[in-house]
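Text of run.cif, listed as mmCIF, C-alpha atoms:
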data_model
loop_
_atom_site.group_PDB
_atom_site.id
_atom_site.type_symbol
_atom_site.label_atom_id
_atom_site.label_comp_id
_atom_site.auth_asym_id
_atom_site.auth_seq_id
_atom_site.Cartn_x
_atom_site.Cartn_y
_atom_site.Cartn_z
ATOM 1 C CA MET A 12 24.873 -5.618 15.893
ATOM 2 C CA PRO A 13 24.773 -8.692 13.593
ATOM 3 C CA ASP A 14 23.562 -8.080 10.077
ATOM 4 C CA ASN A 15 20.566 -10.456 10.076
ATOM 5 C CA TRP A 16 20.512 -10.790 6.302
ATOM 6 C CA SER A 17 17.923 -13.570 6.542
ATOM 7 C CA TYR A 18 15.417 -11.076 7.984
ATOM 8 C CA VAL A 19 16.196 -8.577 5.216
ATOM 9 C CA PHE A 20 15.686 -11.159 2.459
ATOM 10 C CA ALA A 21 12.543 -12.491 4.152
ATOM 11 C CA ALA A 22 10.988 -8.999 4.210
ATOM 12 C CA TYR A 23 11.814 -8.201 0.561
ATOM 13 C CA GLY A 24 10.906 -11.735 -0.580
ATOM 14 C CA LEU A 25 7.533 -11.652 1.134
ATOM 15 C CA ALA A 26 6.699 -8.225 -0.307
ATOM 16 C CA GLY A 27 7.763 -9.384 -3.788
ATOM 17 C CA VAL A 28 5.632 -12.528 -3.625
ATOM 18 C CA VAL A 29 2.548 -10.639 -2.391
ATOM 19 C CA LEU A 30 2.810 -7.878 -5.002
ATOM 20 C CA LEU A 31 3.488 -10.361 -7.802
ATOM 21 C CA ALA A 32 0.527 -12.519 -6.750
ATOM 22 C CA TYR A 33 -1.797 -9.486 -6.751
ATOM 23 C CA TRP A 34 -0.513 -8.345 -10.156
ATOM 24 C CA ARG A 35 -1.011 -11.861 -11.584
ATOM 25 C CA ARG A 36 -4.561 -11.935 -10.202
ATOM 26 C CA LEU A 37 -5.367 -8.597 -11.868
ATOM 27 C CA ALA A 38 -3.723 -9.601 -15.157
ATOM 28 C CA GLY A 39 -5.611 -12.924 -15.207
ATOM 29 C CA ARG A 40 -8.939 -11.237 -14.484
ATOM 30 C CA ALA A 41 -8.345 -8.600 -17.190
ATOM 31 C CA LYS A 42 -7.413 -11.300 -19.672
ATOM 32 C CA SER A 43 -10.510 -13.409 -18.983
ATOM 33 C CA LEU A 44 -12.798 -10.364 -19.155
ATOM 34 C CA GLY A 45 -11.118 -9.286 -22.392
ATOM 35 C CA ALA A 46 -11.616 -12.755 -23.907
ATOM 36 C CA ARG A 47 -15.291 -12.783 -22.867
ATOM 37 C CA GLY A 48 -15.673 -9.320 -24.415
ATOM 38 C CA VAL A 49 -14.239 -10.516 -27.727
ATOM 39 C CA ARG A 50 -16.590 -13.531 -27.751
ATOM 40 C CA ARG A 51 -19.618 -11.307 -26.984
ATOM 41 C CA GLY A 52 -18.474 -8.517 -29.295
ATOM 42 C CA VAL A 53 -18.189 -5.962 -26.453
ATOM 43 C CA MET G 29 -0.804 1.182 -24.106
ATOM 44 C CA ALA G 30 -0.308 4.041 -21.628
ATOM 45 C CA LEU G 31 -1.149 1.622 -18.813
ATOM 46 C CA ARG G 32 1.489 -0.841 -20.013
ATOM 47 C CA GLY G 33 4.021 2.016 -20.178
ATOM 48 C CA LEU G 34 3.159 2.997 -16.616
ATOM 49 C CA GLY G 35 3.614 -0.633 -15.546
ATOM 50 C CA TRP G 36 7.072 -0.839 -17.093
ATOM 51 C CA LEU G 37 8.008 2.519 -15.557
ATOM 52 C CA ALA G 38 6.987 1.140 -12.162
ATOM 53 C CA VAL G 39 9.071 -2.021 -12.750
ATOM 54 C CA LEU G 40 12.128 0.065 -13.691
ATOM 55 C CA ALA G 41 11.648 2.284 -10.645
ATOM 56 C CA LEU G 42 11.305 -0.774 -8.388
ATOM 57 C CA VAL G 43 14.527 -2.244 -9.807
ATOM 58 C CA ALA G 44 16.253 1.099 -9.190
ATOM 59 C CA GLY G 45 14.802 1.183 -5.658
ATOM 60 C CA VAL G 46 15.988 -2.316 -4.762
ATOM 61 C CA GLY G 47 19.366 -1.550 -6.371
ATOM 62 C CA ALA G 48 19.694 1.588 -4.257
ATOM 63 C CA ALA G 49 18.566 -0.233 -1.093
ATOM 64 C CA PHE G 50 21.214 -2.949 -1.484
ATOM 65 C CA GLY G 51 23.924 -1.295 -3.581
ATOM 66 C CA TYR G 52 23.925 2.434 -2.842
ATOM 67 C CA ALA G 53 22.652 2.984 0.698
ATOM 68 C CA PRO G 54 25.364 2.479 3.311
ATOM 69 C CA ARG G 55 25.259 -0.090 6.106
ATOM 70 C CA GLU G 56 23.598 1.695 9.004
ATOM 71 C CA ALA G 57 26.069 2.223 11.852
ATOM 72 C CA VAL G 58 23.870 1.096 14.771
ATOM 73 C CA GLN G 59 21.391 -1.412 13.327
ATOM 74 C CA GLY G 60 23.579 -2.930 10.623
ATOM 75 C CA ASN G 61 22.109 -4.237 7.384
ATOM 76 C CA VAL G 62 18.720 -5.092 8.899
ATOM 77 C CA GLN G 63 17.961 -1.351 8.616
ATOM 78 C CA ARG G 64 17.635 -1.936 4.835
ATOM 79 C CA ILE G 65 14.121 -3.238 5.592
ATOM 80 C CA MET G 66 13.213 0.423 6.153
ATOM 81 C CA TYR G 67 13.510 1.051 2.380
ATOM 82 C CA LEU G 68 10.521 -1.265 2.075
ATOM 83 C CA HIS G 69 8.650 -0.486 5.308
ATOM 84 C CA VAL G 70 8.551 3.323 5.118
ATOM 85 C CA PRO G 71 7.609 3.658 1.397
ATOM 86 C CA ALA G 72 4.954 0.948 1.909
ATOM 87 C CA VAL G 73 3.174 2.881 4.649
ATOM 88 C CA LEU G 74 3.410 6.204 2.766
ATOM 89 C CA THR G 75 1.921 4.494 -0.299
ATOM 90 C CA ALA G 76 -0.853 2.982 1.834
ATOM 91 C CA TYR G 77 -1.690 6.480 3.130
ATOM 92 C CA LEU G 78 -1.916 7.691 -0.474
ATOM 93 C CA ALA G 79 -4.120 4.734 -1.462
ATOM 94 C CA PHE G 80 -6.537 5.414 1.402
ATOM 95 C CA ALA G 81 -6.579 9.107 0.493
ATOM 96 C CA LEU G 82 -7.744 7.988 -2.970
ATOM 97 C CA VAL G 83 -10.428 5.808 -1.315
ATOM 98 C CA PHE G 84 -11.548 8.921 0.587
ATOM 99 C CA LEU G 85 -11.613 10.982 -2.619
ATOM 100 C CA GLY G 86 -13.558 8.309 -4.513
ATOM 101 C CA SER G 87 -16.013 7.889 -1.628
ATOM 102 C CA ILE G 88 -16.706 11.632 -1.315
ATOM 103 C CA GLY G 89 -16.985 11.889 -5.108
ATOM 104 C CA TYR G 90 -19.515 9.051 -5.240
ATOM 105 C CA LEU G 91 -21.707 10.402 -2.447
ATOM 106 C CA LEU G 92 -21.768 13.851 -4.081
ATOM 107 C CA THR G 93 -22.304 12.804 -7.716
ATOM 108 C CA ARG G 94 -23.489 9.138 -7.668
ATOM 109 C CA ARG G 95 -21.195 8.534 -10.642
ATOM 110 C CA PRO G 96 -19.908 4.917 -10.675
ATOM 111 C CA GLY G 97 -16.434 6.055 -11.768
ATOM 112 C CA TRP G 98 -15.796 7.443 -8.257
ATOM 113 C CA ASP G 99 -16.790 4.131 -6.701
ATOM 114 C CA ARG G 100 -14.477 2.288 -9.102
ATOM 115 C CA LEU G 101 -11.624 4.556 -7.993
ATOM 116 C CA ALA G 102 -12.359 3.882 -4.307
ATOM 117 C CA LEU G 103 -12.368 0.109 -4.791
ATOM 118 C CA ALA G 104 -9.308 0.197 -7.053
ATOM 119 C CA ALA G 105 -7.330 2.097 -4.395
ATOM 120 C CA ALA G 106 -8.604 0.089 -1.401
ATOM 121 C CA GLU G 107 -7.183 -3.248 -2.583
ATOM 122 C CA PRO G 108 -3.555 -2.093 -3.016
ATOM 123 C CA GLY G 109 -3.973 0.037 0.116
ATOM 124 C CA VAL G 110 -4.678 -3.130 2.116
ATOM 125 C CA ILE G 111 -1.730 -4.879 0.448
ATOM 126 C CA PHE G 112 0.703 -2.038 1.197
ATOM 127 C CA THR G 113 -0.550 -1.862 4.800
ATOM 128 C CA GLY G 114 -0.020 -5.622 5.091
ATOM 129 C CA ILE G 115 3.519 -5.235 3.739
ATOM 130 C CA THR G 116 4.108 -2.418 6.258
ATOM 131 C CA ILE G 117 3.006 -4.601 9.172
ATOM 132 C CA ALA G 118 4.876 -7.708 7.990
ATOM 133 C CA SER G 119 8.128 -5.887 7.189
ATOM 134 C CA GLY G 120 7.960 -3.979 10.485
ATOM 135 C CA SER G 121 7.433 -7.227 12.344
ATOM 136 C CA ILE G 122 10.381 -8.884 10.564
ATOM 137 C CA TRP G 123 12.555 -5.846 11.402
ATOM 138 C CA GLY G 124 11.276 -5.831 15.001
ATOM 139 C CA LYS G 125 12.404 -9.364 15.851
ATOM 140 C CA PRO G 126 16.185 -8.757 15.560
ATOM 141 C CA THR G 127 15.946 -5.093 16.620
ATOM 142 C CA TRP G 128 13.398 -5.026 19.462
ATOM 143 C CA GLY G 129 13.583 -8.732 20.266
ATOM 144 C CA THR G 130 9.924 -9.372 19.463
ATOM 145 C CA TRP G 131 7.767 -9.895 16.365
ATOM 146 C CA TRP G 132 4.920 -7.850 17.806
ATOM 147 C CA THR G 133 4.082 -5.559 20.692
ATOM 148 C CA TRP G 134 0.828 -3.711 21.442
ATOM 149 C CA ASP G 135 2.509 -0.352 20.894
ATOM 150 C CA ALA G 136 0.222 2.532 19.824
ATOM 151 C CA ARG G 137 1.693 2.781 16.298
ATOM 152 C CA LEU G 138 1.566 -0.969 15.662
ATOM 153 C CA THR G 139 -1.928 -1.339 17.088
ATOM 154 C CA SER G 140 -3.384 1.629 15.180
ATOM 155 C CA THR G 141 -1.804 0.320 11.946
ATOM 156 C CA ALA G 142 -3.356 -3.097 12.567
ATOM 157 C CA VAL G 143 -6.729 -1.373 13.090
ATOM 158 C CA LEU G 144 -6.219 0.538 9.813
ATOM 159 C CA PHE G 145 -5.551 -2.769 8.037
ATOM 160 C CA LEU G 146 -8.648 -4.410 9.532
ATOM 161 C CA VAL G 147 -10.902 -1.430 8.719
ATOM 162 C CA TYR G 148 -10.044 -1.657 5.022
ATOM 163 C CA VAL G 149 -10.238 -5.465 4.987
ATOM 164 C CA GLY G 150 -13.739 -4.862 6.404
ATOM 165 C CA TYR G 151 -14.359 -2.320 3.631
ATOM 166 C CA LEU G 152 -13.573 -4.984 1.006
ATOM 167 C CA LEU G 153 -15.655 -7.636 2.799
ATOM 168 C CA LEU G 154 -18.597 -5.211 3.017
ATOM 169 C CA ARG G 155 -18.424 -4.662 -0.730
ATOM 170 C CA GLY G 156 -18.619 -8.401 -1.257
ATOM 171 C CA MET G 157 -21.716 -8.684 0.928
ATOM 172 C CA ILE G 158 -24.004 -6.247 -0.947
ATOM 173 C CA ASP G 159 -25.216 -7.093 -4.464
ATOM 174 C CA GLU G 160 -27.128 -3.942 -5.398
ATOM 175 C CA PRO G 161 -24.506 -1.566 -6.932
ATOM 176 C CA ASP G 162 -25.764 1.784 -5.597
ATOM 177 C CA ARG G 163 -26.377 0.449 -2.070
ATOM 178 C CA ARG G 164 -22.960 -1.228 -2.113
ATOM 179 C CA ALA G 165 -21.235 1.939 -3.295
ATOM 180 C CA ARG G 166 -23.013 4.118 -0.691
ATOM 181 C CA ALA G 167 -22.238 1.785 2.221
ATOM 182 C CA ALA G 168 -18.637 1.392 1.089
ATOM 183 C CA ALA G 169 -18.264 5.175 0.696
ATOM 184 C CA VAL G 170 -19.337 5.738 4.315
ATOM 185 C CA VAL G 171 -16.770 3.193 5.555
ATOM 186 C CA GLY G 172 -14.167 4.607 3.155
ATOM 187 C CA ILE G 173 -14.653 8.115 4.578
ATOM 188 C CA LEU G 174 -14.758 7.033 8.237
ATOM 189 C CA GLY G 175 -11.745 4.741 7.770
ATOM 190 C CA THR G 176 -9.588 7.662 6.670
ATOM 191 C CA ALA G 177 -9.948 9.158 10.161
ATOM 192 C CA ASN G 178 -7.571 6.424 11.349
ATOM 193 C CA ILE G 179 -4.663 7.738 9.231
ATOM 194 C CA PRO G 180 -3.866 10.759 11.463
ATOM 195 C CA ILE G 181 -4.270 8.462 14.493
ATOM 196 C CA VAL G 182 -1.637 6.099 13.016
ATOM 197 C CA HIS G 183 0.673 8.963 12.110
ATOM 198 C CA PHE G 184 0.448 10.905 15.378
ATOM 199 C CA SER G 185 0.144 7.873 17.673
ATOM 200 C CA VAL G 186 3.873 8.061 18.418
ATOM 201 C CA LYS G 187 3.393 11.637 19.673
ATOM 202 C CA TRP G 188 0.090 11.166 21.496
ATOM 203 C CA TRP G 189 1.048 8.014 23.410
ATOM 204 C CA ARG G 190 4.281 6.694 24.835
ATOM 205 C CA ALA G 191 5.379 4.259 22.141
ATOM 206 C CA LEU G 192 8.218 1.854 21.440
ATOM 207 C CA HIS G 193 8.039 2.822 17.768
ATOM 208 C CA GLN G 194 10.308 5.724 16.892
ATOM 209 C CA PRO G 195 8.761 9.166 16.183
ATOM 210 C CA ALA G 196 8.315 10.448 12.611
ATOM 211 C CA THR G 197 11.635 11.202 10.924
ATOM 212 C CA ILE G 198 10.335 12.091 7.452
ATOM 213 C CA LEU G 199 6.899 13.674 7.910
ATOM 214 C CA GLY G 200 7.815 15.179 11.287
ATOM 215 C CA PRO G 201 7.821 18.899 12.189
ATOM 216 C CA GLU G 202 11.620 19.170 12.511
ATOM 217 C CA PRO G 203 14.108 18.862 9.615
ATOM 218 C CA SER G 204 14.897 15.189 9.030
ATOM 219 C CA PRO G 205 18.113 13.932 10.708
ATOM 220 C CA ILE G 206 18.477 11.179 8.075
ATOM 221 C CA ALA G 207 21.769 11.063 6.120
ATOM 222 C CA ALA G 208 21.503 12.047 2.438
ATOM 223 C CA PRO G 209 22.154 8.594 0.846
ATOM 224 C CA ILE G 210 19.598 6.970 3.150
ATOM 225 C CA MET G 211 17.037 9.698 2.432
ATOM 226 C CA LEU G 212 17.661 9.482 -1.328
ATOM 227 C CA THR G 213 17.147 5.697 -1.245
ATOM 228 C CA LEU G 214 13.910 6.155 0.696
ATOM 229 C CA ILE G 215 12.701 8.716 -1.868
ATOM 230 C CA VAL G 216 13.553 6.468 -4.851
ATOM 231 C CA ASN G 217 11.658 3.576 -3.267
ATOM 232 C CA TRP G 218 8.735 5.800 -2.307
ATOM 233 C CA LEU G 219 8.494 7.052 -5.922
ATOM 234 C CA ALA G 220 8.680 3.454 -7.188
ATOM 235 C CA PHE G 221 5.876 2.343 -4.855
ATOM 236 C CA THR G 222 3.785 5.373 -5.851
ATOM 237 C CA LEU G 223 4.176 4.487 -9.549
ATOM 238 C CA LEU G 224 3.248 0.891 -8.740
ATOM 239 C CA LEU G 225 0.165 2.081 -6.844
ATOM 240 C CA LEU G 226 -0.929 4.272 -9.772
ATOM 241 C CA TYR G 227 -0.489 1.331 -12.144
ATOM 242 C CA LEU G 228 -2.441 -1.058 -9.897
ATOM 243 C CA VAL G 229 -5.256 1.487 -9.406
ATOM 244 C CA ALA G 230 -5.514 2.087 -13.160
ATOM 245 C CA LYS G 231 -5.511 -1.655 -13.881
ATOM 246 C CA ARG G 232 -8.136 -2.411 -11.213
ATOM 247 C CA THR G 233 -10.326 0.465 -12.461
ATOM 248 C CA GLU G 234 -10.188 -0.944 -15.978
ATOM 249 C CA ILE G 235 -11.219 -4.385 -14.657
ATOM 250 C CA SER G 236 -14.183 -2.891 -12.764
ATOM 251 C CA ARG G 237 -15.294 -1.101 -15.923
ATOM 252 C CA LEU G 238 -15.116 -4.347 -17.929
ATOM 253 C CA GLU G 239 -16.991 -6.239 -15.187
ATOM 254 C CA GLU G 240 -19.783 -3.638 -15.261
ATOM 255 C CA GLN G 241 -19.964 -3.884 -19.080
ATOM 256 C CA HIS G 242 -20.360 -7.671 -18.849
ATOM 257 C CA ALA G 243 -22.880 -7.447 -16.008
ATOM 258 C CA GLY G 244 -24.914 -4.757 -17.809
#
What does the file become when written as structure tokens?
Amino acid sequence: MPDNWSYVFAAYGLAGVVLLAYWRRLAGRAKSLGARGVRRGV
Amino acid sequence: MALRGLGWLAVLALVAGVGAAFGYAPREAVQGNVQRIMYLHVPAVLTAYLAFALVFLGSIGYLLTRRPGWDRLALAAAEPGVIFTGITIASGSIWGKPTWGTWWTWDARLTSTAVLFLVYVGYLLLRGMIDEPDRRARAAAVVGILGTANIPIVHFSVKWWRALHQPATILGPEPSPIAAPIMLTLIVNWLAFTLLLLYLVAKRTEISRLEEQHAG
């Protein structure tokens, strides 16, 4: 059977992009909430 | 600080997992290198099961105690649970095209996994539709508990119905026929995904707590 490396890289690449995007969303939200907390003295 | 440490531990484990998937695990004799997608697909679904078990735990805990911490846990686990289920479906589909000759088939395992994904997408949408915190948490807890019933259906679907998807080779009743290097690579990746899940749940819980502080 042929190796189909393009499928392998597509699967890992897609998973990496999705997980990284979710992590960035969480990190951004935490940062903005933290900054608002500092401004309000929370 | 502990959360950051957990995050770095997860990153190191993921690097080790990818390294093992591409550098240590052998080329599979029948499928060739496309089988390496399984080091992503299988740990992703096991991690999704764990995430939804945490949703179940948080939902039961909230209904019994009405403490918001349980609801935070349920939400924090549901989001990565949906993501890991999405990765499971996408990676399985990408593997299926060269192996089965199709991106998708209405096989019992694939269909029940798609239903699992949609149930928890619905769980997240429901949370966004209700403003009052206690009502939102109660409604979400009911869906979170009922949604868990789909996990055994997904897992045993390959036994209960005639399916194209292969039967369980890790969580099955018989000893696993998988070769040691392949099994070890699966375990390393499963541990890495579990660490990543724990990190994401802890991070999301912290965000919910901060959001409640700002709202209150």
If the PyMOL selection byres ((chain A) within 6 of (chain G)) is run on the structure shown, which residues does it catch, given as a PyMOL selection string? chain A and resi 14-15+19+22+26+41
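Separating atom CA of G:Leu40 from atom CA of A:Ser17 is a distance of 25.1 Å.
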Can you tell me how far atom CA of G:Glu240 sits from atom CA of G:Met29, in Å to one decimal? 21.5 Å
Quick one: distance from atom CA of G:Ala105 to atom CA of G:Ala169 in Å, one decimal?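 So the answer is 12.4 Å.
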For a quick check of understanding, using all atoms listed in the file, which of G:Val147, G:Ala79, G:Leu192, G:Leu174 has the smallest distance to G:Asp135?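 Of all the options, G:Leu192 lies closest to G:Asp135.
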